[in-house]
>>> print(open('work-v9.pdb').read())   # PDB, C-alpha atoms
ATOM      1  CA  MET A   1      36.063 -14.093   3.086
ATOM      2  CA  LYS A   2      32.773 -13.596   1.351
ATOM      3  CA  THR A   3      31.097 -10.266   1.729
ATOM      4  CA  GLN A   4      27.347 -10.019   2.086
ATOM      5  CA  PRO A   5      25.616  -8.283  -0.831
ATOM      6  CA  PRO A   6      24.027  -4.967   0.062
ATOM      7  CA  ALA A   7      20.384  -5.207   1.093
ATOM      8  CA  ARG A   8      17.953  -4.116  -1.533
ATOM      9  CA  SER A   9      16.461  -0.744  -0.836
ATOM     10  CA  ARG A  10      12.722  -0.609  -0.557
ATOM     11  CA  VAL A  11      10.832   0.876  -3.449
ATOM     12  CA  LEU A  12       8.749   2.983  -1.074
ATOM     13  CA  SER A  13       9.582   4.034   2.441
ATOM     14  CA  PRO A  14       6.971   3.234   5.115
ATOM     15  CA  HIS A  15       6.096   6.931   5.359
ATOM     16  CA  LEU A  16       5.501   7.264   1.615
ATOM     17  CA  ALA A  17       3.477   4.044   1.545
ATOM     18  CA  THR A  18       1.243   5.323   4.335
ATOM     19  CA  LEU A  19       0.883   8.704   2.654
ATOM     20  CA  GLY A  20      -0.044   7.049  -0.629
ATOM     21  CA  ALA A  21      -2.657   4.893   1.129
ATOM     22  CA  VAL A  22      -4.196   7.965   2.763
ATOM     23  CA  CYS A  23      -4.317   9.918  -0.500
ATOM     24  CA  PHE A  24      -5.925   7.034  -2.396
ATOM     25  CA  THR A  25      -8.524   6.547   0.345
ATOM     26  CA  VAL A  26      -9.471  10.218   0.467
ATOM     27  CA  PHE A  27      -9.845  10.502  -3.318
ATOM     28  CA  ALA A  28     -11.802   7.222  -3.530
ATOM     29  CA  TRP A  29     -14.187   8.217  -0.740
ATOM     30  CA  ALA A  30     -14.703  11.602  -2.349
ATOM     31  CA  SER A  31     -15.647   9.908  -5.617
ATOM     32  CA  ALA A  32     -18.196   7.824  -3.714
ATOM     33  CA  PHE A  33     -20.365  10.881  -3.087
ATOM     34  CA  VAL A  34     -20.611  11.456  -6.831
ATOM     35  CA  SER A  35     -21.482   7.789  -7.478
ATOM     36  CA  ILE A  36     -24.063   7.662  -4.677
ATOM     37  CA  ARG A  37     -25.807  10.679  -6.161
ATOM     38  CA  SER A  38     -26.268   8.765  -9.423
ATOM     39  CA  ALA A  39     -27.026   5.274  -8.110
ATOM     40  CA  GLY A  40     -29.271   6.512  -5.308
ATOM     41  CA  ALA A  41     -31.829   7.771  -7.819
ATOM     42  CA  ALA A  42     -32.556   4.204  -8.962
ATOM     43  CA  TYR A  43     -31.856   2.114  -5.862
ATOM     44  CA  SER A  44     -33.360   2.278  -2.376
ATOM     45  CA  PRO A  45     -30.916   2.826   0.526
ATOM     46  CA  GLY A  46     -30.823  -0.796   1.689
ATOM     47  CA  ALA A  47     -30.600  -2.282  -1.790
ATOM     48  CA  LEU A  48     -27.794   0.107  -2.738
ATOM     49  CA  ALA A  49     -25.888  -0.796   0.424
ATOM     50  CA  LEU A  50     -26.260  -4.542  -0.200
ATOM     51  CA  GLY A  51     -25.255  -4.296  -3.865
ATOM     52  CA  ARG A  52     -22.217  -2.233  -2.952
ATOM     53  CA  LEU A  53     -21.132  -4.637  -0.201
ATOM     54  CA  LEU A  54     -21.685  -7.722  -2.380
ATOM     55  CA  ALA A  55     -19.394  -6.313  -5.071
ATOM     56  CA  ALA A  56     -16.814  -5.337  -2.464
ATOM     57  CA  SER A  57     -16.939  -8.743  -0.770
ATOM     58  CA  LEU A  58     -16.320 -10.534  -4.063
ATOM     59  CA  VAL A  59     -13.226  -8.451  -4.807
ATOM     60  CA  LEU A  60     -11.884  -8.733  -1.251
ATOM     61  CA  VAL A  61     -12.334 -12.516  -1.066
ATOM     62  CA  VAL A  62     -10.462 -12.929  -4.366
ATOM     63  CA  LEU A  63      -7.617 -10.758  -3.042
ATOM     64  CA  LEU A  64      -7.571 -12.716   0.215
ATOM     65  CA  LEU A  65      -7.292 -16.022  -1.658
ATOM     66  CA  LEU A  66      -4.572 -14.721  -3.965
ATOM     67  CA  ARG A  67      -2.529 -13.565  -0.976
ATOM     68  CA  ARG A  68      -3.299 -16.807   0.885
ATOM     69  CA  GLU A  69      -4.358 -15.015   4.033
ATOM     70  CA  GLY A  70      -6.653 -17.220   6.059
ATOM     71  CA  LEU A  71      -8.997 -16.556   8.931
ATOM     72  CA  PRO A  72      -8.133 -13.655  11.245
ATOM     73  CA  PRO A  73      -6.931 -14.425  14.785
ATOM     74  CA  ARG A  74      -9.560 -14.637  17.512
ATOM     75  CA  GLY A  75      -8.342 -11.413  19.063
ATOM     76  CA  ALA A  76      -9.503  -9.477  16.002
ATOM     77  CA  LEU A  77     -13.053 -10.881  15.936
ATOM     78  CA  ARG A  78     -14.584  -8.293  18.253
ATOM     79  CA  GLY A  79     -13.297  -5.383  16.214
ATOM     80  CA  ILE A  80     -14.360  -7.072  12.977
ATOM     81  CA  LEU A  81     -17.926  -7.648  14.201
ATOM     82  CA  VAL A  82     -18.366  -4.111  15.543
ATOM     83  CA  SER A  83     -16.811  -2.531  12.473
ATOM     84  CA  GLY A  84     -18.801  -4.700  10.065
ATOM     85  CA  LEU A  85     -22.163  -4.145  11.722
ATOM     86  CA  VAL A  86     -21.789  -0.487  12.669
ATOM     87  CA  TRP A  87     -19.596   0.941   9.890
ATOM     88  CA  PHE A  88     -19.922  -1.219   6.785
ATOM     89  CA  ALA A  89     -23.652  -1.899   7.232
ATOM     90  CA  GLY A  90     -25.030   0.816   9.525
ATOM     91  CA  TYR A  91     -23.121   3.772   8.111
ATOM     92  CA  THR A  92     -23.827   2.832   4.493
ATOM     93  CA  VAL A  93     -27.584   2.384   4.950
ATOM     94  CA  ALA A  94     -27.952   5.481   7.148
ATOM     95  CA  LEU A  95     -26.037   7.711   4.741
ATOM     96  CA  ASN A  96     -27.921   6.432   1.682
ATOM     97  CA  TRP A  97     -31.217   7.049   3.451
ATOM     98  CA  GLY A  98     -30.215  10.389   4.929
ATOM     99  CA  GLU A  99     -29.115  11.832   1.588
ATOM    100  CA  ARG A 100     -32.614  11.183   0.252
ATOM    101  CA  LEU A 101     -34.142  13.424   2.921
ATOM    102  CA  VAL A 102     -31.650  16.303   3.166
ATOM    103  CA  ASP A 103     -29.616  18.077   0.516
ATOM    104  CA  ALA A 104     -25.996  17.142  -0.182
ATOM    105  CA  GLY A 105     -24.604  20.190   1.613
ATOM    106  CA  THR A 106     -26.433  19.459   4.851
ATOM    107  CA  ALA A 107     -25.501  15.770   4.643
ATOM    108  CA  SER A 108     -21.798  16.524   4.158
ATOM    109  CA  LEU A 109     -21.860  19.021   7.029
ATOM    110  CA  LEU A 110     -23.396  16.503   9.433
ATOM    111  CA  VAL A 111     -21.225  13.564   8.376
ATOM    112  CA  ASN A 112     -18.118  15.699   8.859
ATOM    113  CA  THR A 113     -18.685  15.622  12.605
ATOM    114  CA  GLY A 114     -17.322  12.065  12.318
ATOM    115  CA  PRO A 115     -13.592  12.896  12.515
ATOM    116  CA  ILE A 116     -14.168  14.978  15.664
ATOM    117  CA  LEU A 117     -16.083  12.124  17.300
ATOM    118  CA  MET A 118     -13.352   9.750  16.148
ATOM    119  CA  ALA A 119     -10.599  11.773  17.810
ATOM    120  CA  LEU A 120     -12.568  12.040  21.070
ATOM    121  CA  LEU A 121     -13.411   8.316  21.113
ATOM    122  CA  ALA A 122      -9.804   7.378  20.314
ATOM    123  CA  ALA A 123      -8.590   9.562  23.176
ATOM    124  CA  ARG A 124     -11.129   8.093  25.590
ATOM    125  CA  LEU A 125     -11.009   4.415  24.584
ATOM    126  CA  LEU A 126      -7.556   3.976  23.021
ATOM    127  CA  GLY A 127      -5.615   6.511  25.070
ATOM    128  CA  GLU A 128      -4.490   8.491  22.020
ATOM    129  CA  ALA A 129      -3.202  12.007  22.552
ATOM    130  CA  LEU A 130      -5.047  15.114  21.405
ATOM    131  CA  PRO A 131      -2.218  17.526  20.549
ATOM    132  CA  PRO A 132      -3.202  21.191  20.160
ATOM    133  CA  ARG A 133      -2.060  21.204  16.510
ATOM    134  CA  LEU A 134      -4.450  18.338  15.681
ATOM    135  CA  MET A 135      -7.375  20.023  17.400
ATOM    136  CA  ALA A 136      -6.602  23.360  15.730
ATOM    137  CA  GLY A 137      -6.417  21.723  12.300
ATOM    138  CA  MET A 138      -9.684  19.884  12.853
ATOM    139  CA  ALA A 139     -11.352  23.117  13.957
ATOM    140  CA  VAL A 140     -10.225  24.902  10.780
ATOM    141  CA  SER A 141     -11.342  21.986   8.608
ATOM    142  CA  PHE A 142     -14.705  21.768  10.335
ATOM    143  CA  VAL A 143     -15.302  25.463   9.699
ATOM    144  CA  GLY A 144     -14.466  24.781   6.054
ATOM    145  CA  ALA A 145     -16.916  21.858   6.026
ATOM    146  CA  VAL A 146     -19.615  24.129   7.467
ATOM    147  CA  VAL A 147     -18.937  26.720   4.758
ATOM    148  CA  VAL A 148     -19.095  24.061   2.038
ATOM    149  CA  GLY A 149     -22.284  22.635   3.510
ATOM    150  CA  LEU A 150     -24.026  26.001   3.761
ATOM    151  CA  SER A 151     -22.962  27.051   0.274
ATOM    152  CA  MET A 152     -24.208  23.773  -1.245
ATOM    153  CA  SER A 153     -27.501  23.713   0.627
ATOM    154  CA  SER A 154     -30.415  24.162  -1.705
ATOM    155  CA  GLY A 155     -32.505  25.955   0.837
ATOM    156  CA  GLY A 156     -35.816  24.877  -0.710
ATOM    157  CA  ASP A 157     -38.774  25.927   1.386
ATOM    158  CA  GLY A 158     -36.588  26.547   4.395
ATOM    159  CA  THR A 159     -37.449  23.239   6.096
ATOM    160  CA  THR A 160     -35.140  20.341   6.836
ATOM    161  CA  SER A 161     -36.151  16.748   7.469
ATOM    162  CA  VAL A 162     -35.544  15.911  11.114
ATOM    163  CA  LEU A 163     -35.262  12.231  10.207
ATOM    164  CA  GLY A 164     -32.672  13.072   7.543
ATOM    165  CA  VAL A 165     -30.581  15.027  10.048
ATOM    166  CA  VAL A 166     -30.783  12.188  12.582
ATOM    167  CA  LEU A 167     -29.762   9.624   9.959
ATOM    168  CA  CYS A 168     -26.729  11.667   8.878
ATOM    169  CA  LEU A 169     -25.676  12.110  12.508
ATOM    170  CA  LEU A 170     -26.081   8.363  13.045
ATOM    171  CA  ALA A 171     -23.862   7.802   9.998
ATOM    172  CA  ALA A 172     -21.197  10.043  11.537
ATOM    173  CA  VAL A 173     -21.363   8.174  14.859
ATOM    174  CA  ALA A 174     -21.197   4.812  13.053
ATOM    175  CA  TYR A 175     -18.181   5.987  11.040
ATOM    176  CA  ALA A 176     -16.280   7.094  14.150
ATOM    177  CA  THR A 177     -17.235   3.987  16.150
ATOM    178  CA  GLY A 178     -16.237   1.632  13.343
ATOM    179  CA  VAL A 179     -12.796   3.165  12.949
ATOM    180  CA  VAL A 180     -12.074   3.100  16.690
ATOM    181  CA  ALA A 181     -13.206  -0.551  16.821
ATOM    182  CA  GLN A 182     -10.923  -1.444  13.904
ATOM    183  CA  LYS A 183      -7.787   0.022  15.465
ATOM    184  CA  PRO A 184      -7.195  -2.678  18.149
ATOM    185  CA  ALA A 185      -8.137  -5.448  15.697
ATOM    186  CA  LEU A 186      -5.255  -4.418  13.438
ATOM    187  CA  SER A 187      -2.783  -5.469  16.115
ATOM    188  CA  TYR A 188      -3.927  -9.072  15.533
ATOM    189  CA  GLY A 189      -4.747  -9.365  11.826
ATOM    190  CA  THR A 190      -3.584  -7.851   8.545
ATOM    191  CA  PRO A 191      -5.383  -4.876   6.951
ATOM    192  CA  LEU A 192      -6.750  -7.138   4.197
ATOM    193  CA  GLN A 193      -8.077  -9.663   6.722
ATOM    194  CA  ILE A 194      -9.775  -7.011   8.863
ATOM    195  CA  THR A 195     -11.307  -5.289   5.835
ATOM    196  CA  THR A 196     -12.513  -8.502   4.179
ATOM    197  CA  TYR A 197     -14.208 -10.014   7.195
ATOM    198  CA  SER A 198     -15.665  -6.668   8.283
ATOM    199  CA  CYS A 199     -17.139  -6.292   4.798
ATOM    200  CA  LEU A 200     -18.520  -9.851   4.872
ATOM    201  CA  THR A 201     -20.099  -9.108   8.258
ATOM    202  CA  GLY A 202     -21.736  -5.987   6.862
ATOM    203  CA  THR A 203     -22.952  -7.907   3.815
ATOM    204  CA  VAL A 204     -24.646 -10.545   5.977
ATOM    205  CA  ALA A 205     -26.272  -7.790   8.036
ATOM    206  CA  CYS A 206     -27.711  -6.249   4.841
ATOM    207  CA  LEU A 207     -29.129  -9.520   3.464
ATOM    208  CA  PRO A 208     -32.700  -8.549   4.521
ATOM    209  CA  PHE A 209     -32.579  -6.056   1.620
ATOM    210  CA  ALA A 210     -31.942  -8.826  -0.925
ATOM    211  CA  GLY A 211     -35.562  -8.813  -2.082
ATOM    212  CA  GLN A 212     -35.454  -5.076  -2.781
ATOM    213  CA  LEU A 213     -32.186  -5.412  -4.685
ATOM    214  CA  ALA A 214     -33.510  -8.253  -6.830
ATOM    215  CA  ALA A 215     -36.633  -6.238  -7.680
ATOM    216  CA  GLU A 216     -34.758  -3.003  -8.488
ATOM    217  CA  VAL A 217     -31.880  -4.332 -10.611
ATOM    218  CA  PRO A 218     -34.024  -5.054 -13.732
ATOM    219  CA  LYS A 219     -35.644  -1.610 -13.565
ATOM    220  CA  ALA A 220     -32.494   0.423 -12.871
ATOM    221  CA  PRO A 221     -30.593   2.063 -15.733
ATOM    222  CA  LEU A 222     -27.213   0.594 -16.599
ATOM    223  CA  SER A 223     -25.386   3.727 -15.407
ATOM    224  CA  ALA A 224     -26.876   3.397 -11.911
ATOM    225  CA  THR A 225     -25.928  -0.290 -11.685
ATOM    226  CA  LEU A 226     -22.384   0.440 -12.853
ATOM    227  CA  ASN A 227     -22.098   3.177 -10.251
ATOM    228  CA  MET A 228     -23.240   0.727  -7.573
ATOM    229  CA  LEU A 229     -20.608  -1.794  -8.676
ATOM    230  CA  CYS A 230     -17.982   0.951  -8.788
ATOM    231  CA  LEU A 231     -18.922   1.911  -5.232
ATOM    232  CA  GLY A 232     -18.222  -1.665  -4.189
ATOM    233  CA  VAL A 233     -14.890  -2.058  -5.962
ATOM    234  CA  VAL A 234     -13.104   1.282  -5.480
ATOM    235  CA  PRO A 235     -14.412   3.233  -2.455
ATOM    236  CA  THR A 236     -15.201   0.056  -0.488
ATOM    237  CA  ALA A 237     -12.949  -2.904  -1.394
ATOM    238  CA  LEU A 238      -9.805  -0.989  -2.325
ATOM    239  CA  ALA A 239     -10.170   2.207  -0.307
ATOM    240  CA  PHE A 240     -11.196   0.479   2.916
ATOM    241  CA  THR A 241      -8.134  -1.756   2.577
ATOM    242  CA  THR A 242      -5.783   1.191   2.100
ATOM    243  CA  TRP A 243      -7.550   2.901   5.009
ATOM    244  CA  THR A 244      -6.875  -0.020   7.362
ATOM    245  CA  PHE A 245      -3.284  -0.142   6.072
ATOM    246  CA  ALA A 246      -2.843   3.492   7.128
ATOM    247  CA  LEU A 247      -4.818   3.005  10.363
ATOM    248  CA  ALA A 248      -2.381   0.282  11.427
ATOM    249  CA  ARG A 249       0.418   2.854  11.152
ATOM    250  CA  MET A 250      -1.239   6.072  12.405
ATOM    251  CA  PRO A 251      -3.329   7.176  15.386
ATOM    252  CA  ALA A 252      -7.055   6.999  14.600
ATOM    253  CA  GLY A 253      -7.675  10.656  15.472
ATOM    254  CA  LYS A 254      -4.879  11.921  13.274
ATOM    255  CA  LEU A 255      -5.904   9.730  10.357
ATOM    256  CA  GLY A 256      -9.521  10.813  10.718
ATOM    257  CA  ALA A 257      -8.478  14.455  10.340
ATOM    258  CA  THR A 258      -7.198  13.718   6.833
ATOM    259  CA  THR A 259     -10.732  12.904   5.681
ATOM    260  CA  TYR A 260     -11.577  16.598   5.967
ATOM    261  CA  ALA A 261     -10.004  16.870   2.526
ATOM    262  CA  VAL A 262     -12.987  14.918   1.151
ATOM    263  CA  PRO A 263     -15.392  17.909   0.846
ATOM    264  CA  ALA A 264     -12.832  19.882  -1.137
ATOM    265  CA  ILE A 265     -12.231  16.946  -3.484
ATOM    266  CA  VAL A 266     -15.977  16.366  -3.869
ATOM    267  CA  VAL A 267     -16.365  19.978  -4.996
ATOM    268  CA  LEU A 268     -13.529  19.510  -7.497
ATOM    269  CA  LEU A 269     -14.886  16.206  -8.854
ATOM    270  CA  SER A 270     -18.412  17.618  -9.144
ATOM    271  CA  TRP A 271     -16.951  20.514 -11.107
ATOM    272  CA  ILE A 272     -15.013  18.230 -13.476
ATOM    273  CA  LEU A 273     -17.390  15.258 -13.843
ATOM    274  CA  LEU A 274     -20.822  16.780 -13.329
ATOM    275  CA  GLY A 275     -20.226  20.305 -14.610
ATOM    276  CA  GLU A 276     -21.388  21.788 -11.274
ATOM    277  CA  VAL A 277     -19.495  25.076 -11.093
ATOM    278  CA  PRO A 278     -18.856  25.845  -7.398
ATOM    279  CA  ALA A 279     -19.621  29.227  -5.903
ATOM    280  CA  TRP A 280     -16.844  31.324  -4.411
ATOM    281  CA  LEU A 281     -18.091  30.459  -0.917
ATOM    282  CA  THR A 282     -17.815  26.755  -1.753
ATOM    283  CA  LEU A 283     -14.252  27.209  -2.983
ATOM    284  CA  LEU A 284     -13.366  29.115   0.179
ATOM    285  CA  GLY A 285     -14.753  26.317   2.317
ATOM    286  CA  GLY A 286     -12.788  23.738   0.339
ATOM    287  CA  LEU A 287      -9.568  25.687   0.833
ATOM    288  CA  LEU A 288     -10.248  25.884   4.574
ATOM    289  CA  CYS A 289     -10.744  22.110   4.675
ATOM    290  CA  LEU A 290      -7.380  21.548   2.993
ATOM    291  CA  ALA A 291      -5.684  24.146   5.203
ATOM    292  CA  GLY A 292      -6.972  22.418   8.315
ATOM    293  CA  VAL A 293      -5.621  19.059   7.131
ATOM    294  CA  ALA A 294      -2.253  20.689   6.466
ATOM    295  CA  VAL A 295      -2.201  22.161   9.981
ATOM    296  CA  SER A 296      -3.090  18.832  11.610
ATOM    297  CA  ARG A 297      -0.421  17.008   9.591
ATOM    298  CA  TYR A 298       2.337  19.594  10.062
ATOM    299  CA  ARG A 299       5.410  18.431  11.929
ATOM    300  CA  PRO A 300       7.900  21.048  13.119
ATOM    301  CA  ARG A 301      11.474  20.226  12.262
ATOM    302  CA  THR A 302      13.714  19.545  15.220
ATOM    303  CA  ALA A 303      17.454  19.971  15.143
ATOM    304  CA  ALA A 304      18.923  16.472  15.189
ATOM    305  CA  ALA A 305      22.366  15.795  16.622
ATOM    306  CA  PRO A 306      24.953  14.668  14.045
ATOM    307  CA  ALA A 307      24.971  10.892  13.931
ATOM    308  CA  ASP A 308      28.734  10.624  13.472
ATOM    309  CA  GLU A 309      29.647  12.913  16.382
ATOM    310  CA  GLU A 310      31.482  10.973  19.103
ATOM    311  CA  PRO A 311      31.515  11.972  22.775
ATOM    312  CA  ARG A 312      34.707  13.708  23.795
ATOM    313  CA  THR A 313      36.140  11.054  26.086
ATOM    314  CA  GLY A 314      39.686  11.154  24.796
ATOM    315  CA  GLY A 315      39.537   7.774  23.123
ATOM    316  CA  HIS A 316      37.250   5.360  21.362
ATOM    317  CA  ALA A 317      33.656   5.798  22.455
ATOM    318  CA  GLY A 318      32.191   2.403  23.144
ATOM    319  CA  PRO A 319      28.629   1.595  24.051
ATOM    320  CA  GLY A 320      27.458   3.809  26.881
ATOM    321  CA  ALA A 321      30.437   6.147  26.576
ATOM    322  CA  GLY A 322      29.861   9.560  28.042
ATOM    323  CA  TYR A 323      27.325   8.212  30.586
ATOM    324  CA  ASP A 324      28.690   7.699  34.111
ATOM    325  CA  PRO A 325      25.801   6.694  36.358
ATOM    326  CA  SER A 326      27.942   6.150  39.449
ATOM    327  CA  GLY A 327      29.921   9.368  39.150
ATOM    328  CA  THR A 328      33.260   7.518  39.375
ATOM    329  CA  GLN A 329      34.947   9.716  36.759
ATOM    330  CA  ALA A 330      34.222  12.843  38.742
ATOM    331  CA  SER A 331      35.455  11.253  41.999
ATOM    332  CA  ARG A 332      38.722  10.220  40.289
ATOM    333  CA  LYS A 333      39.295  13.806  39.155
ATOM    334  CA  ARG A 334      38.791  15.066  42.698
ATOM    335  CA  GLN A 335      41.186  12.447  44.026
ATOM    336  CA  GLY A 336      43.790  13.327  41.385
TER     337      GLY A 336
END
>>> encode(input="work-v9.pdb", output="structure tokens")
Amino acid sequence: MKTQPPARSRVLSPHLATLGAVCFTVFAWASAFVSIRSAGAAYSPGALALGRLLAASLVLVVLLLLRREGLPPRGALRGILVSGLVWFAGYTVALNWGERLVDAGTASLLVNTGPILMALLAARLLGEALPPRLMAGMAVSFVGAVVVGLSMSSGGDGTTSVLGVVLCLLAAVAYATGVVAQKPALSYGTPLQITTYSCLTGTVACLPFAGQLAAEVPKAPLSATLNMLCLGVVPTALAFTTWTFALARMPAGKLGATTYAVPAIVVLLSWILLGEVPAWLTLLGGLLCLAGVAVSRYRPRTAAAPADEEPRTGGHAGPGAGYDPSGTQASRKRQG
């Protein structure tokens, strides 16, 4: 009799794969703030968004062809259209524009209302739970985001652009709406399919900025153009794909809470790459952001019953042993 060879163990467990996807996404999105700061000085908001999405679309289409994944099912089209128009196009343009009118600290503070909106929308539209631990962690992280935002605000003449504030709030709403729209679509298509066609939708929506992009590319320094291309490849093409991979395996509200680690990582990257030494208040806010993520992700250990413990029935415990729905065992004891 031939014995079956043991099944090959997976290189990564599903939990580790999801955790790795989340970590990559958070670090990539944090790096985007540094790249936007450089590229945004040479490119207008719409042109920067279109250049970024064109680069991302090229990479994603190549990946889609290599993996031989075709068109997404019809059930995913609604989520793809909403996500592409609202998140990929709307969020990108609004954030690029908003950061020109308000300082980076104010922009990060306003955009960080996104995960809260995401959790509320997911609870209302998708029926996701809002456990107290998640809400407590998000509250701690939001306080940290406020501290980071206030510490990084330049102050200036004490005035803030109302239009800039509105644009950053619109970016936060677009971010939350896009994620909640993507979640149901992932039950029909693969993460790569949903990301690719959402990105293509956003690219088409940004085509009216093609004239601006064509006029600004020859005048922009090489570093700004490289940063724009980097924004398309890493934080968009790759990070959005890993994000949808994780979103298919986690509740939207819980996944959104992990993005509160972004401000802390932005502070660290600005320190390392740009030489911007953070103030103590900024460091405190970053630590609060990370602490809030840890609280929202914490899972208390529960005592699990030993798997090899058999019910005490006096013999071999077959399927359903130990469960007597009709109470016949007890009646036999009374009769005996």
>>> residues_around(input="work-v9.pdb", residues="stretch 163-167 of chain A", least_positions_apart="3", cutoff="9 Å", atoms="all atoms listed in the file", output="count of residues only")
15
>>> atom_distance(input="work-v9.pdb", atom1="atom CA of A:Pro191", atom2="atom CA of A:Met135")
27.1 Å
>>> residues_around(input="work-v9.pdb", residues="stretch 58-70 of chain A", least_positions_apart="3", cutoff="6 Å", atoms="all atoms listed in the file", output="number ranges by chain")
A: 55, 196, 237
>>> closest_residue(input="work-v9.pdb", among="A:Val140, A:Ala252, A:Val233, A:Val86", to="A:Glu128", atoms="all atoms listed in the file")
A:Ala252
>>> residues_near_point(input="work-v9.pdb", point="(-29.4, -0.2, -5.0)", cutoff="8 Å", atoms="all atoms listed in the file", output="number ranges by chain")
A: 39-40, 42-52, 213, 216-217, 225, 228
>>> atom_distance(input="work-v9.pdb", atom1="atom CA of A:Ile265", atom2="atom CA of A:Ala89")
24.5 Å
>>> atom_distance(input="work-v9.pdb", atom1="atom CA of A:Val22", atom2="atom CA of A:Gly90")
23.0 Å
>>> resolve_selection(input="work-v9.pdb", expression="the PyMOL selection byres ((chain A and resi 127) around 12)", output="number ranges by chain")
A: 119-126, 128-130, 180, 183-184, 251-253
>>> write_last_selection(input="work-v9.pdb", atoms="C-alpha atoms", output="PDB file, in the frame of the given file")
ATOM      1  CA  ALA A 119     -10.599  11.773  17.810  1.00  0.00           C
ATOM      2  CA  LEU A 120     -12.568  12.040  21.070  1.00  0.00           C
ATOM      3  CA  LEU A 121     -13.411   8.316  21.113  1.00  0.00           C
ATOM      4  CA  ALA A 122      -9.804   7.378  20.314  1.00  0.00           C
ATOM      5  CA  ALA A 123      -8.590   9.562  23.176  1.00  0.00           C
ATOM      6  CA  ARG A 124     -11.129   8.093  25.590  1.00  0.00           C
ATOM      7  CA  LEU A 125     -11.009   4.415  24.584  1.00  0.00           C
ATOM      8  CA  LEU A 126      -7.556   3.976  23.021  1.00  0.00           C
ATOM      9  CA  GLU A 128      -4.490   8.491  22.020  1.00  0.00           C
ATOM     10  CA  ALA A 129      -3.202  12.007  22.552  1.00  0.00           C
ATOM     11  CA  LEU A 130      -5.047  15.114  21.405  1.00  0.00           C
ATOM     12  CA  VAL A 180     -12.074   3.100  16.690  1.00  0.00           C
ATOM     13  CA  LYS A 183      -7.787   0.022  15.465  1.00  0.00           C
ATOM     14  CA  PRO A 184      -7.195  -2.678  18.149  1.00  0.00           C
ATOM     15  CA  PRO A 251      -3.329   7.176  15.386  1.00  0.00           C
ATOM     16  CA  ALA A 252      -7.055   6.999  14.600  1.00  0.00           C
ATOM     17  CA  GLY A 253      -7.675  10.656  15.472  1.00  0.00           C
TER      18      GLY A 253
END
>>> axis_aligned_box(input="work-v9.pdb", around="stretch 24-41 of chain A", padding_each_side="8 Å", output="JSON")
{"center_x": -18.9, "center_y": 8.4, "center_z": -4.5, "size_x": 41.9, "size_y": 22.3, "size_z": 25.9}
>>> resolve_selection(input="work-v9.pdb", expression="the PyMOL selection byres ((chain A and resi 198) around 12)", output="CSV table (one decimal) with C-alpha atoms, keeping the file's coordinate frame")
chain,number,residue,atom,x,y,z
A,53,LEU,CA,-21.1,-4.6,-0.2
A,56,ALA,CA,-16.8,-5.3,-2.5
A,57,SER,CA,-16.9,-8.7,-0.8
A,60,LEU,CA,-11.9,-8.7,-1.3
A,61,VAL,CA,-12.3,-12.5,-1.1
A,71,LEU,CA,-9.0,-16.6,8.9
A,72,PRO,CA,-8.1,-13.7,11.2
A,76,ALA,CA,-9.5,-9.5,16.0
A,77,LEU,CA,-13.1,-10.9,15.9
A,78,ARG,CA,-14.6,-8.3,18.3
A,79,GLY,CA,-13.3,-5.4,16.2
A,80,ILE,CA,-14.4,-7.1,13.0
A,81,LEU,CA,-17.9,-7.6,14.2
A,82,VAL,CA,-18.4,-4.1,15.5
A,83,SER,CA,-16.8,-2.5,12.5
A,84,GLY,CA,-18.8,-4.7,10.1
A,85,LEU,CA,-22.2,-4.1,11.7
A,86,VAL,CA,-21.8,-0.5,12.7
A,87,TRP,CA,-19.6,0.9,9.9
A,88,PHE,CA,-19.9,-1.2,6.8
A,89,ALA,CA,-23.7,-1.9,7.2
A,178,GLY,CA,-16.2,1.6,13.3
A,179,VAL,CA,-12.8,3.2,12.9
A,181,ALA,CA,-13.2,-0.6,16.8
A,182,GLN,CA,-10.9,-1.4,13.9
A,185,ALA,CA,-8.1,-5.4,15.7
A,186,LEU,CA,-5.3,-4.4,13.4
A,189,GLY,CA,-4.7,-9.4,11.8
A,191,PRO,CA,-5.4,-4.9,7.0
A,192,LEU,CA,-6.8,-7.1,4.2
A,193,GLN,CA,-8.1,-9.7,6.7
A,194,ILE,CA,-9.8,-7.0,8.9
A,195,THR,CA,-11.3,-5.3,5.8
A,196,THR,CA,-12.5,-8.5,4.2
A,197,TYR,CA,-14.2,-10.0,7.2
A,199,CYS,CA,-17.1,-6.3,4.8
A,200,LEU,CA,-18.5,-9.9,4.9
A,201,THR,CA,-20.1,-9.1,8.3
A,202,GLY,CA,-21.7,-6.0,6.9
A,203,THR,CA,-23.0,-7.9,3.8
A,204,VAL,CA,-24.6,-10.5,6.0
A,205,ALA,CA,-26.3,-7.8,8.0
A,236,THR,CA,-15.2,0.1,-0.5
A,237,ALA,CA,-12.9,-2.9,-1.4
A,240,PHE,CA,-11.2,0.5,2.9
A,241,THR,CA,-8.1,-1.8,2.6
A,244,THR,CA,-6.9,0.0,7.4
